[in-house]
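Quick look at model_15.txt (compact mmCIF, C-alpha atoms):
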```
# COMPACT_ATOMS: atom_id res chain seq x y z
CA MET A 1 -60.24 -38.08 209.78
CA PHE A 2 -62.76 -40.89 209.61
CA LYS A 3 -64.23 -42.76 212.56
CA THR A 4 -65.25 -46.40 212.84
CA GLU A 5 -67.80 -48.17 214.98
CA PHE A 6 -68.68 -51.86 215.20
CA LYS A 7 -72.21 -52.96 216.05
CA ASN A 8 -74.68 -55.66 215.00
CA ASN A 9 -71.94 -57.43 213.01
CA ASN A 10 -71.42 -54.36 210.80
CA VAL A 11 -68.66 -51.77 210.61
CA TYR A 12 -69.82 -48.15 210.33
CA VAL A 13 -67.39 -45.61 208.89
CA SER A 14 -68.12 -41.89 209.10
CA GLY A 15 -66.14 -38.88 207.98
CA VAL A 16 -64.82 -40.26 204.67
CA GLN A 17 -64.93 -37.61 201.96
CA ASN A 18 -64.97 -38.14 198.20
CA PHE A 19 -66.27 -41.70 198.05
CA SER A 20 -68.99 -42.91 195.71
CA LEU A 21 -69.70 -46.60 195.44
CA PRO A 22 -70.85 -46.58 191.79
CA GLN A 23 -68.05 -44.23 190.71
CA THR A 24 -65.40 -46.31 192.50
CA LEU A 25 -66.66 -49.85 191.93
CA ASP A 26 -68.05 -49.48 188.41
CA CYS A 27 -65.35 -47.44 186.69
CA GLY A 28 -63.33 -50.32 185.25
CA GLN A 29 -60.64 -50.73 187.90
CA ALA A 30 -62.18 -53.85 189.52
CA PHE A 31 -64.41 -56.53 188.01
CA ARG A 32 -65.95 -58.52 190.87
CA TRP A 33 -68.41 -55.94 192.21
CA SER A 34 -72.09 -55.52 191.42
CA GLU A 35 -75.01 -53.51 192.76
CA LYS A 36 -78.12 -55.21 194.11
CA GLU A 37 -81.61 -53.83 193.58
CA ASN A 38 -81.62 -52.48 197.15
CA GLY A 39 -78.57 -50.31 196.47
CA ILE A 40 -76.14 -52.53 198.37
CA TRP A 41 -72.91 -53.36 196.54
CA CYS A 42 -71.43 -56.84 196.86
CA GLY A 43 -68.11 -58.23 195.77
CA VAL A 44 -65.03 -60.27 196.54
CA ALA A 45 -61.55 -58.90 197.24
CA PHE A 46 -58.56 -60.56 198.91
CA ASN A 47 -60.75 -63.68 198.85
CA LYS A 48 -63.24 -62.08 201.26
CA TYR A 49 -66.88 -61.43 200.39
CA LEU A 50 -68.27 -58.02 201.33
CA GLU A 51 -71.54 -56.13 201.08
CA LEU A 52 -71.56 -52.39 201.68
CA GLU A 53 -73.66 -49.28 201.22
CA ILE A 54 -73.65 -45.58 202.05
CA ASP A 55 -76.66 -44.34 204.03
CA LYS A 56 -78.43 -40.98 203.80
CA ASN A 57 -76.03 -39.52 206.39
CA ASP A 58 -73.00 -40.50 204.27
CA VAL A 59 -72.05 -43.24 206.70
CA ILE A 60 -70.41 -46.21 204.99
CA ILE A 61 -71.83 -49.51 206.26
CA LEU A 62 -69.77 -52.65 205.72
CA HIS A 63 -72.07 -55.59 206.38
CA ASN A 64 -71.19 -58.82 208.17
CA THR A 65 -67.55 -58.03 208.74
CA CYS A 66 -65.40 -57.13 211.72
CA LEU A 67 -63.06 -54.32 212.77
CA GLU A 68 -60.05 -56.60 212.31
CA ASP A 69 -60.89 -57.19 208.64
CA PHE A 70 -61.67 -53.50 208.18
CA GLU A 71 -58.29 -52.51 209.56
CA SER A 72 -56.29 -55.23 207.80
CA ILE A 73 -58.10 -55.28 204.42
CA TRP A 74 -60.90 -52.83 203.68
CA CYS A 75 -59.42 -49.57 204.99
CA ASN A 76 -56.45 -49.85 202.63
CA TYR A 77 -58.47 -51.50 199.84
CA PHE A 78 -60.77 -48.47 199.61
CA ASP A 79 -57.85 -46.04 200.11
CA PHE A 80 -59.52 -44.39 203.12
CA ASN A 81 -56.23 -43.08 204.51
CA ARG A 82 -55.50 -40.91 201.46
CA ASP A 83 -56.61 -37.26 201.53
CA TYR A 84 -58.42 -36.83 198.22
CA ASP A 85 -59.53 -33.32 199.21
CA GLU A 86 -55.87 -32.30 199.29
CA ILE A 87 -55.22 -33.83 195.87
CA ILE A 88 -58.21 -32.01 194.40
CA ARG A 89 -56.96 -28.73 195.90
CA GLU A 90 -53.50 -29.34 194.42
CA ILE A 91 -54.83 -29.84 190.89
CA SER A 92 -57.60 -27.24 190.97
CA GLY A 93 -55.35 -24.40 189.87
CA ASN A 94 -56.01 -25.79 186.42
CA GLU A 95 -59.63 -25.04 185.52
CA ILE A 96 -60.08 -28.12 183.33
CA LEU A 97 -58.74 -30.42 186.06
CA LYS A 98 -60.95 -28.67 188.60
CA ASN A 99 -64.00 -29.36 186.43
CA ALA A 100 -62.94 -32.97 185.84
CA ALA A 101 -62.50 -33.55 189.57
CA SER A 102 -65.92 -32.07 190.28
CA PHE A 103 -67.47 -34.76 188.07
CA GLY A 104 -65.43 -37.70 189.33
CA LYS A 105 -64.54 -36.73 192.89
CA GLY A 106 -66.29 -39.83 194.27
CA ILE A 107 -63.70 -42.08 192.66
CA ARG A 108 -61.07 -43.63 194.91
CA VAL A 109 -58.28 -45.77 193.51
CA LEU A 110 -58.60 -49.26 194.95
CA ASN A 111 -55.56 -51.06 196.38
CA GLN A 112 -56.23 -54.55 195.08
CA GLU A 113 -54.50 -57.91 195.43
CA PRO A 114 -51.55 -57.83 192.98
CA TRP A 115 -51.92 -61.20 191.25
CA GLU A 116 -55.67 -60.84 190.74
CA THR A 117 -55.20 -57.32 189.37
CA LEU A 118 -52.47 -58.33 186.94
CA CYS A 119 -54.48 -61.29 185.69
CA SER A 120 -57.67 -59.20 185.40
CA PHE A 121 -56.01 -56.54 183.26
CA ILE A 122 -54.40 -59.14 181.03
CA ILE A 123 -57.95 -60.39 180.47
CA SER A 124 -59.15 -56.81 179.87
CA GLN A 125 -57.11 -56.34 176.68
CA ASN A 126 -59.32 -55.49 173.70
CA ASN A 127 -62.35 -56.46 175.74
CA ASN A 128 -65.51 -54.91 177.18
CA ILE A 129 -66.43 -54.93 180.86
CA LYS A 130 -69.27 -57.46 180.54
CA ARG A 131 -67.00 -59.96 178.82
CA ILE A 132 -64.12 -59.29 181.23
CA LYS A 133 -66.42 -60.05 184.18
CA GLY A 134 -67.61 -63.23 182.49
CA ILE A 135 -64.09 -64.55 181.93
CA ILE A 136 -63.07 -63.73 185.50
CA SER A 137 -66.20 -65.44 186.84
CA ARG A 138 -65.38 -68.58 184.87
CA LEU A 139 -61.77 -68.43 186.07
CA CYS A 140 -62.89 -68.33 189.71
CA GLU A 141 -65.67 -70.90 189.35
CA ASN A 142 -63.42 -73.42 187.58
CA PHE A 143 -60.13 -72.96 189.43
CA GLY A 144 -60.86 -71.01 192.61
CA GLU A 145 -61.98 -72.41 195.94
CA ASN A 146 -65.73 -72.77 196.53
CA MET A 147 -66.54 -70.86 199.72
CA GLY A 148 -70.26 -71.66 199.58
CA THR A 149 -71.62 -68.29 198.48
CA TYR A 150 -68.64 -67.22 196.35
CA PHE A 151 -65.43 -68.46 194.76
CA THR A 152 -61.92 -67.26 195.56
CA PHE A 153 -59.59 -65.99 192.86
CA PRO A 154 -57.19 -68.83 191.90
CA SER A 155 -53.56 -68.34 192.86
CA ALA A 156 -50.75 -67.95 190.36
CA GLU A 157 -49.47 -71.35 191.48
CA LYS A 158 -52.81 -72.97 190.67
CA ILE A 159 -52.97 -71.41 187.20
CA ALA A 160 -49.32 -72.28 186.51
CA SER A 161 -50.16 -75.95 187.08
CA LEU A 162 -52.71 -75.89 184.25
CA SER A 163 -52.41 -76.21 180.48
CA LEU A 164 -53.79 -74.04 177.71
CA GLU A 165 -56.31 -76.81 177.11
CA ASP A 166 -57.44 -76.52 180.73
CA LEU A 167 -57.86 -72.77 180.30
CA SER A 168 -60.02 -73.18 177.19
CA VAL A 169 -63.05 -73.28 179.52
CA LEU A 170 -62.51 -69.54 180.11
CA ARG A 171 -63.25 -68.72 176.46
CA SER A 172 -60.65 -65.98 176.74
CA GLY A 173 -59.10 -66.42 173.30
CA PHE A 174 -55.52 -65.25 172.79
CA ARG A 175 -55.37 -64.04 176.40
CA ALA A 176 -55.08 -67.59 177.79
CA LYS A 177 -51.42 -67.92 176.82
CA TYR A 178 -50.67 -64.58 178.46
CA ILE A 179 -52.49 -65.59 181.66
CA LEU A 180 -50.47 -68.81 181.77
CA ASP A 181 -47.14 -67.06 181.14
CA ALA A 182 -47.91 -64.52 183.88
CA ALA A 183 -48.82 -67.31 186.33
CA ILE A 184 -45.61 -69.22 185.60
CA LYS A 185 -43.38 -66.15 185.97
CA VAL A 186 -45.09 -65.06 189.20
CA SER A 187 -45.20 -68.51 190.77
CA ASN A 188 -41.54 -69.29 190.05
CA GLY A 189 -40.39 -65.93 191.42
CA GLU A 190 -39.17 -64.46 188.14
CA ILE A 191 -41.62 -61.62 188.72
CA ASP A 192 -41.83 -60.57 192.38
CA LEU A 193 -45.16 -58.79 192.62
CA ASN A 194 -44.66 -57.95 196.29
CA ASN A 195 -41.54 -55.93 195.50
CA LEU A 196 -42.98 -53.77 192.73
CA LYS A 197 -44.20 -51.09 195.15
CA ASN A 198 -40.58 -50.61 196.24
CA LEU A 199 -39.36 -49.88 192.70
CA SER A 200 -39.72 -46.71 190.68
CA THR A 201 -42.70 -46.67 188.35
CA ASP A 202 -40.41 -47.06 185.33
CA GLU A 203 -38.56 -50.02 186.88
CA ALA A 204 -41.77 -51.70 187.98
CA ARG A 205 -43.31 -51.25 184.53
CA GLN A 206 -40.31 -52.90 182.88
CA GLU A 207 -40.55 -55.85 185.28
CA LEU A 208 -44.19 -56.48 184.40
CA MET A 209 -43.51 -56.14 180.69
CA LYS A 210 -41.31 -59.23 180.89
CA ILE A 211 -44.60 -61.14 180.81
CA LYS A 212 -45.87 -62.09 177.35
CA GLY A 213 -48.74 -59.86 176.29
CA VAL A 214 -48.18 -57.25 178.99
CA GLY A 215 -47.62 -53.88 177.39
CA PRO A 216 -47.41 -50.42 178.94
CA LYS A 217 -51.17 -50.03 179.48
CA VAL A 218 -51.68 -53.33 181.34
CA ALA A 219 -48.52 -52.70 183.37
CA GLU A 220 -49.65 -49.19 184.33
CA CYS A 221 -53.08 -50.50 185.37
CA ALA A 222 -51.50 -53.15 187.58
CA LEU A 223 -49.15 -50.60 189.17
CA LEU A 224 -51.89 -48.06 189.80
CA PHE A 225 -54.61 -50.39 191.06
CA SER A 226 -52.55 -52.76 193.19
CA HIS A 227 -49.10 -51.32 193.96
CA GLN A 228 -49.90 -47.73 195.03
CA HIS A 229 -47.99 -46.19 192.12
CA ILE A 230 -50.39 -43.25 191.86
CA ALA A 231 -48.11 -41.58 189.31
CA ALA A 232 -48.82 -44.45 186.90
CA PHE A 233 -50.98 -43.27 184.00
CA PRO A 234 -52.73 -46.00 181.97
CA LYS A 235 -53.46 -44.81 178.45
CA ASP A 236 -56.08 -46.38 176.23
CA VAL A 237 -57.43 -44.88 173.03
CA TRP A 238 -60.10 -42.89 174.90
CA ILE A 239 -57.69 -41.33 177.39
CA LYS A 240 -55.28 -40.44 174.61
CA ARG A 241 -58.06 -38.67 172.71
CA ALA A 242 -59.33 -36.89 175.83
CA MET A 243 -55.80 -35.77 176.69
CA GLN A 244 -55.37 -34.36 173.20
CA VAL A 245 -58.69 -32.48 173.28
CA LEU A 246 -58.30 -31.16 176.83
CA PHE A 247 -54.54 -30.63 177.23
CA ASP A 248 -52.94 -30.90 173.77
CA GLY A 249 -51.67 -34.31 174.80
CA GLU A 250 -49.62 -33.31 177.85
CA LEU A 251 -50.72 -33.66 181.45
CA PRO A 252 -50.53 -30.37 183.40
CA LYS A 253 -47.55 -30.31 185.76
CA GLU A 254 -49.66 -30.02 188.91
CA ALA A 255 -51.31 -33.33 188.07
CA VAL A 256 -48.15 -35.36 187.44
CA PRO A 257 -47.64 -36.63 191.05
CA TYR A 258 -51.26 -37.84 191.08
CA ALA A 259 -51.45 -38.87 187.43
CA GLY A 260 -53.31 -42.14 188.02
CA ILE A 261 -56.02 -40.53 190.14
CA VAL A 262 -56.32 -37.66 187.68
CA GLN A 263 -56.63 -40.16 184.84
CA GLN A 264 -59.74 -41.51 186.51
CA TYR A 265 -61.21 -38.00 186.79
CA ILE A 266 -60.43 -37.26 183.14
CA PHE A 267 -62.00 -40.49 181.91
CA PHE A 268 -65.16 -39.96 183.97
CA TYR A 269 -65.38 -36.30 182.91
CA ALA A 270 -65.00 -37.18 179.23
CA ARG A 271 -67.65 -39.88 179.51
CA GLU A 272 -70.18 -37.89 181.52
CA THR A 273 -69.91 -34.71 179.45
CA LYS A 274 -69.85 -36.70 176.19
CA LEU A 275 -66.66 -34.90 175.24
CA ASN A 276 -66.16 -35.06 171.50
CA ILE A 277 -63.34 -37.57 171.36
```
Could the structure of this file be written out as structure tokens, please?
Amino acid sequence: MFKTEFKNNNVYVSGVQNFSLPQTLDCGQAFRWSEKENGIWCGVAFNKYLELEIDKNDVIILHNTCLEDFESIWCNYFDFNRDYDEIIREISGNEILKNAASFGKGIRVLNQEPWETLCSFIISQNNNIKRIKGIISRLCENFGENMGTYFTFPSAEKIASLSLEDLSVLRSGFRAKYILDAAIKVSNGEIDLNNLKNLSTDEARQELMKIKGVGPKVAECALLFSHQHIAAFPKDVWIKRAMQVLFDGELPKEAVPYAGIVQQYIFFYARETKLNI
């Protein structure tokens, strides 16, 4: 169980296991985080700016925030209440999964704001991380609210009020029409993002796929990274190849309840070991 302390305008969190800032914030599940030269990570989530680091004693320091924001936003955002040790024990009967978890055990699945996550993964289609971050930055700078040191992520209602011509400033190509369709369907209530966590993963996936340009992979990413569907399993070409090499294409049964978390371990393991995929 972790402990929190507030002093000097910072929140100090001790006792959190299995949490690496670079593994969690730079693994392709969120696109508004970056590392400064001093090792402090900075980013925006739920329209709040945060800087944080982990000191030599493994204490997590959240700078210039308060306990109220930690309890209402950051604790859940970083998934601190989930016992990742228990998940790793559950899957470690399989030697390959045990090895994969040993490489990526610092990864925690972020619980992000649903609209921002959906929009971000629509943008991610057939794209690299540098370009994804650039498009999202332009989206926020042009249509979000200027908070002085950062921009908020524009709401679905704001985007729905725009035209494809307005969105041309994003330089997002074919994705613009998908962003607009998603914004319209979310803002008019056709897609109720807040209810997706109450549906089965299959039902929630089908709801999201009503949006133009949202296929299974984008839907699974949205469900995993913002709706706590940890059984969701996004599959891109790299994961499909890694699954074939490691498991003959089928996820071991002990991993199924935690498929989304395991997917992160597998991807990191394949990348770090330069698995021949």
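The coordinates place atom CA of Phe143 of chain A at 24.5 Å from atom CA of Trp41 of chain A.
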### Query
For Val13 of chain A, which residue among A:Gln244, A:Val44, A:Glu37, A:Trp74 is the nearest when counting only C-alpha atoms?
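Going through A:Gln244, A:Val44, A:Glu37, A:Trp74 one by one, the smallest distance to Val13 of chain A is for A:Trp74.
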#### Entry: Top pick for closest residue to Ala176 of chain A, considering A:Ser14, A:Thr149, A:Ser155, A:Gln125 and counting only C-alpha atoms
A:Gln125
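For the set A:Gly28, A:Gly104, A:His63, A:Ala270, the residue with the smallest atom-to-atom gap to Asn128 of chain A is A:Gly28, counting only C-alpha atoms.
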### Task
Check the smallest atom-to-atom distance from each of A:Ala222, A:Gly39, A:Asp166, A:Gln228 to Asn76 of chain A using all atoms listed in the file, then report the winner.
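Using all atoms listed in the file, Asn76 of chain A sits closest to A:Gln228.
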Excluding same-chain residues fewer than 5 positions from Tyr258 of chain A, what lies within 9 Å of it counting all atoms listed in the file, as an mmCIF file with C-alpha atoms, in the coordinates of the input?
```
data_model
loop_
_atom_site.group_PDB
_atom_site.id
_atom_site.type_symbol
_atom_site.label_atom_id
_atom_site.label_comp_id
_atom_site.auth_asym_id
_atom_site.auth_seq_id
_atom_site.Cartn_x
_atom_site.Cartn_y
_atom_site.Cartn_z
ATOM 1 C CA ILE A 87 -55.220 -33.830 195.870
ATOM 2 C CA ILE A 91 -54.830 -29.840 190.890
ATOM 3 C CA ILE A 230 -50.390 -43.250 191.860
ATOM 4 C CA ALA A 231 -48.110 -41.580 189.310
ATOM 5 C CA ALA A 232 -48.820 -44.450 186.900
ATOM 6 C CA PHE A 233 -50.980 -43.270 184.000
ATOM 7 C CA GLN A 263 -56.630 -40.160 184.840
#
```
### Query
Rounded to one decimal in Å, what is the spacing between atom CA of Asn18 of chain A and atom CA of Arg108 of chain A?
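Between these atoms lies a distance of 7.5 Å.
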### Message
Using all atoms listed in the file, can you tell me which of A:Ala100, A:Leu246, A:Ile129, A:Leu180 comes closest to Ile261 of chain A?
### Response
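Answer, going by the shortest atom-to-atom distance: A:Ala100.
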### Summary
With distances taken over only C-alpha atoms, the candidate from A:Asp79, A:Glu90, A:Asp69, A:Glu51 nearest Val256 of chain A is A:Glu90
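Residue neighbourhood of Gln206 of chain A, excluding near-sequence residues (fewer than 6 positions): Ser200, Val214, Gly215, Pro216 and Ala219 of chain A, at 10 Å, using only C-alpha atoms.
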Select, counting all atoms listed in the file, all protein, DNA and RNA residues no farther than 7 Å from (-58.4, -54.4, 198.7) in file coordinates, and express the selection as a PDB file with C-alpha atoms, in the frame of the given file.
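Final output, saved to out-v3.pdb:
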```pdb
ATOM      1  CA  ALA A  45     -61.550 -58.900 197.240  1.00  0.00           C
ATOM      2  CA  PHE A  46     -58.560 -60.560 198.910  1.00  0.00           C
ATOM      3  CA  ILE A  73     -58.100 -55.280 204.420  1.00  0.00           C
ATOM      4  CA  TRP A  74     -60.900 -52.830 203.680  1.00  0.00           C
ATOM      5  CA  ASN A  76     -56.450 -49.850 202.630  1.00  0.00           C
ATOM      6  CA  TYR A  77     -58.470 -51.500 199.840  1.00  0.00           C
ATOM      7  CA  PHE A  78     -60.770 -48.470 199.610  1.00  0.00           C
ATOM      8  CA  LEU A 110     -58.600 -49.260 194.950  1.00  0.00           C
ATOM      9  CA  ASN A 111     -55.560 -51.060 196.380  1.00  0.00           C
ATOM     10  CA  GLN A 112     -56.230 -54.550 195.080  1.00  0.00           C
ATOM     11  CA  GLU A 113     -54.500 -57.910 195.430  1.00  0.00           C
TER      12      GLU A 113
END
```
### Query
Quick one: distance from atom CA of Asn146 of chain A to atom CA of Val109 of chain A in Å, one decimal?
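The value is 28.2 Å.
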Write only N, CA, C and O atoms for segment 37-57 of chain A from the block just shown, as a PDB file, in the first residue's frame.
```pdb
ATOM      1  N   GLU A  37      15.738  17.743 -19.454  1.00  0.00           N
ATOM      2  CA  GLU A  37      17.138  17.349 -19.294  1.00  0.00           C
ATOM      3  C   GLU A  37      17.473  16.962 -17.857  1.00  0.00           C
ATOM      4  O   GLU A  37      18.384  16.167 -17.613  1.00  0.00           O
ATOM      5  N   ASN A  38      16.728  17.495 -16.889  1.00  0.00           N
ATOM      6  CA  ASN A  38      16.996  17.182 -15.479  1.00  0.00           C
ATOM      7  C   ASN A  38      16.301  15.905 -15.004  1.00  0.00           C
ATOM      8  O   ASN A  38      16.320  15.585 -13.816  1.00  0.00           O
ATOM      9  N   GLY A  39      15.680  15.176 -15.930  1.00  0.00           N
ATOM     10  CA  GLY A  39      15.036  13.920 -15.573  1.00  0.00           C
ATOM     11  C   GLY A  39      13.605  14.049 -15.098  1.00  0.00           C
ATOM     12  O   GLY A  39      12.957  13.043 -14.801  1.00  0.00           O
ATOM     13  N   ILE A  40      13.106  15.277 -15.025  1.00  0.00           N
ATOM     14  CA  ILE A  40      11.704  15.495 -14.644  1.00  0.00           C
ATOM     15  C   ILE A  40      10.822  15.361 -15.887  1.00  0.00           C
ATOM     16  O   ILE A  40      11.147  15.870 -16.952  1.00  0.00           O
ATOM     17  N   TRP A  41       9.709  14.648 -15.728  1.00  0.00           N
ATOM     18  CA  TRP A  41       8.755  14.484 -16.820  1.00  0.00           C
ATOM     19  C   TRP A  41       7.655  15.523 -16.673  1.00  0.00           C
ATOM     20  O   TRP A  41       7.197  15.809 -15.566  1.00  0.00           O
ATOM     21  N   CYS A  42       7.219  16.077 -17.777  1.00  0.00           N
ATOM     22  CA  CYS A  42       6.144  17.069 -17.742  1.00  0.00           C
ATOM     23  C   CYS A  42       5.098  16.714 -18.796  1.00  0.00           C
ATOM     24  O   CYS A  42       5.412  16.157 -19.847  1.00  0.00           O
ATOM     25  N   GLY A  43       3.857  17.036 -18.473  1.00  0.00           N
ATOM     26  CA  GLY A  43       2.790  16.729 -19.406  1.00  0.00           C
ATOM     27  C   GLY A  43       1.469  17.306 -18.954  1.00  0.00           C
ATOM     28  O   GLY A  43       1.359  17.928 -17.894  1.00  0.00           O
ATOM     29  N   VAL A  44       0.459  17.081 -19.786  1.00  0.00           N
ATOM     30  CA  VAL A  44      -0.890  17.571 -19.517  1.00  0.00           C
ATOM     31  C   VAL A  44      -1.854  16.406 -19.606  1.00  0.00           C
ATOM     32  O   VAL A  44      -1.822  15.618 -20.564  1.00  0.00           O
ATOM     33  N   ALA A  45      -2.706  16.271 -18.594  1.00  0.00           N
ATOM     34  CA  ALA A  45      -3.756  15.250 -18.591  1.00  0.00           C
ATOM     35  C   ALA A  45      -4.949  15.812 -17.837  1.00  0.00           C
ATOM     36  O   ALA A  45      -4.783  16.520 -16.839  1.00  0.00           O
ATOM     37  N   PHE A  46      -6.150  15.493 -18.310  1.00  0.00           N
ATOM     38  CA  PHE A  46      -7.370  16.050 -17.726  1.00  0.00           C
ATOM     39  C   PHE A  46      -7.256  17.574 -17.595  1.00  0.00           C
ATOM     40  O   PHE A  46      -7.721  18.176 -16.642  1.00  0.00           O
ATOM     41  N   ASN A  47      -6.594  18.161 -18.592  1.00  0.00           N
ATOM     42  CA  ASN A  47      -6.408  19.608 -18.687  1.00  0.00           C
ATOM     43  C   ASN A  47      -5.678  20.199 -17.495  1.00  0.00           C
ATOM     44  O   ASN A  47      -5.843  21.382 -17.156  1.00  0.00           O
ATOM     45  N   LYS A  48      -4.840  19.384 -16.837  1.00  0.00           N
ATOM     46  CA  LYS A  48      -3.971  19.838 -15.755  1.00  0.00           C
ATOM     47  C   LYS A  48      -2.523  19.585 -16.169  1.00  0.00           C
ATOM     48  O   LYS A  48      -2.199  18.509 -16.698  1.00  0.00           O
ATOM     49  N   TYR A  49      -1.667  20.550 -15.901  1.00  0.00           N
ATOM     50  CA  TYR A  49      -0.237  20.395 -16.171  1.00  0.00           C
ATOM     51  C   TYR A  49       0.430  19.778 -14.951  1.00  0.00           C
ATOM     52  O   TYR A  49       0.135  20.136 -13.813  1.00  0.00           O
ATOM     53  N   LEU A  50       1.355  18.837 -15.192  1.00  0.00           N
ATOM     54  CA  LEU A  50       2.049  18.184 -14.083  1.00  0.00           C
ATOM     55  C   LEU A  50       3.511  17.952 -14.437  1.00  0.00           C
ATOM     56  O   LEU A  50       3.841  17.612 -15.574  1.00  0.00           O
ATOM     57  N   GLU A  51       4.365  18.135 -13.443  1.00  0.00           N
ATOM     58  CA  GLU A  51       5.754  17.696 -13.526  1.00  0.00           C
ATOM     59  C   GLU A  51       5.977  16.669 -12.425  1.00  0.00           C
ATOM     60  O   GLU A  51       5.487  16.848 -11.297  1.00  0.00           O
ATOM     61  N   LEU A  52       6.691  15.605 -12.740  1.00  0.00           N
ATOM     62  CA  LEU A  52       6.954  14.577 -11.729  1.00  0.00           C
ATOM     63  C   LEU A  52       8.268  13.878 -11.992  1.00  0.00           C
ATOM     64  O   LEU A  52       8.788  13.894 -13.111  1.00  0.00           O
ATOM     65  N   GLU A  53       8.792  13.262 -10.951  1.00  0.00           N
ATOM     66  CA  GLU A  53      10.040  12.513 -11.020  1.00  0.00           C
ATOM     67  C   GLU A  53      10.020  11.426  -9.965  1.00  0.00           C
ATOM     68  O   GLU A  53       9.151  11.406  -9.079  1.00  0.00           O
ATOM     69  N   ILE A  54      10.964  10.509 -10.059  1.00  0.00           N
ATOM     70  CA  ILE A  54      11.155   9.486  -9.030  1.00  0.00           C
ATOM     71  C   ILE A  54      12.565   9.653  -8.489  1.00  0.00           C
ATOM     72  O   ILE A  54      13.541   9.624  -9.248  1.00  0.00           O
ATOM     73  N   ASP A  55      12.686   9.840  -7.161  1.00  0.00           N
ATOM     74  CA  ASP A  55      14.011  10.098  -6.588  1.00  0.00           C
ATOM     75  C   ASP A  55      14.771   8.793  -6.338  1.00  0.00           C
ATOM     76  O   ASP A  55      14.280   7.692  -6.617  1.00  0.00           O
ATOM     77  N   LYS A  56      15.974   8.904  -5.791  1.00  0.00           N
ATOM     78  CA  LYS A  56      16.839   7.741  -5.606  1.00  0.00           C
ATOM     79  C   LYS A  56      16.275   6.743  -4.594  1.00  0.00           C
ATOM     80  O   LYS A  56      16.721   5.591  -4.543  1.00  0.00           O
ATOM     81  N   ASN A  57      15.311   7.177  -3.791  1.00  0.00           N
ATOM     82  CA  ASN A  57      14.675   6.287  -2.815  1.00  0.00           C
ATOM     83  C   ASN A  57      13.355   5.725  -3.333  1.00  0.00           C
ATOM     84  O   ASN A  57      12.558   5.183  -2.564  1.00  0.00           O
TER      85      ASN A  57
END
```
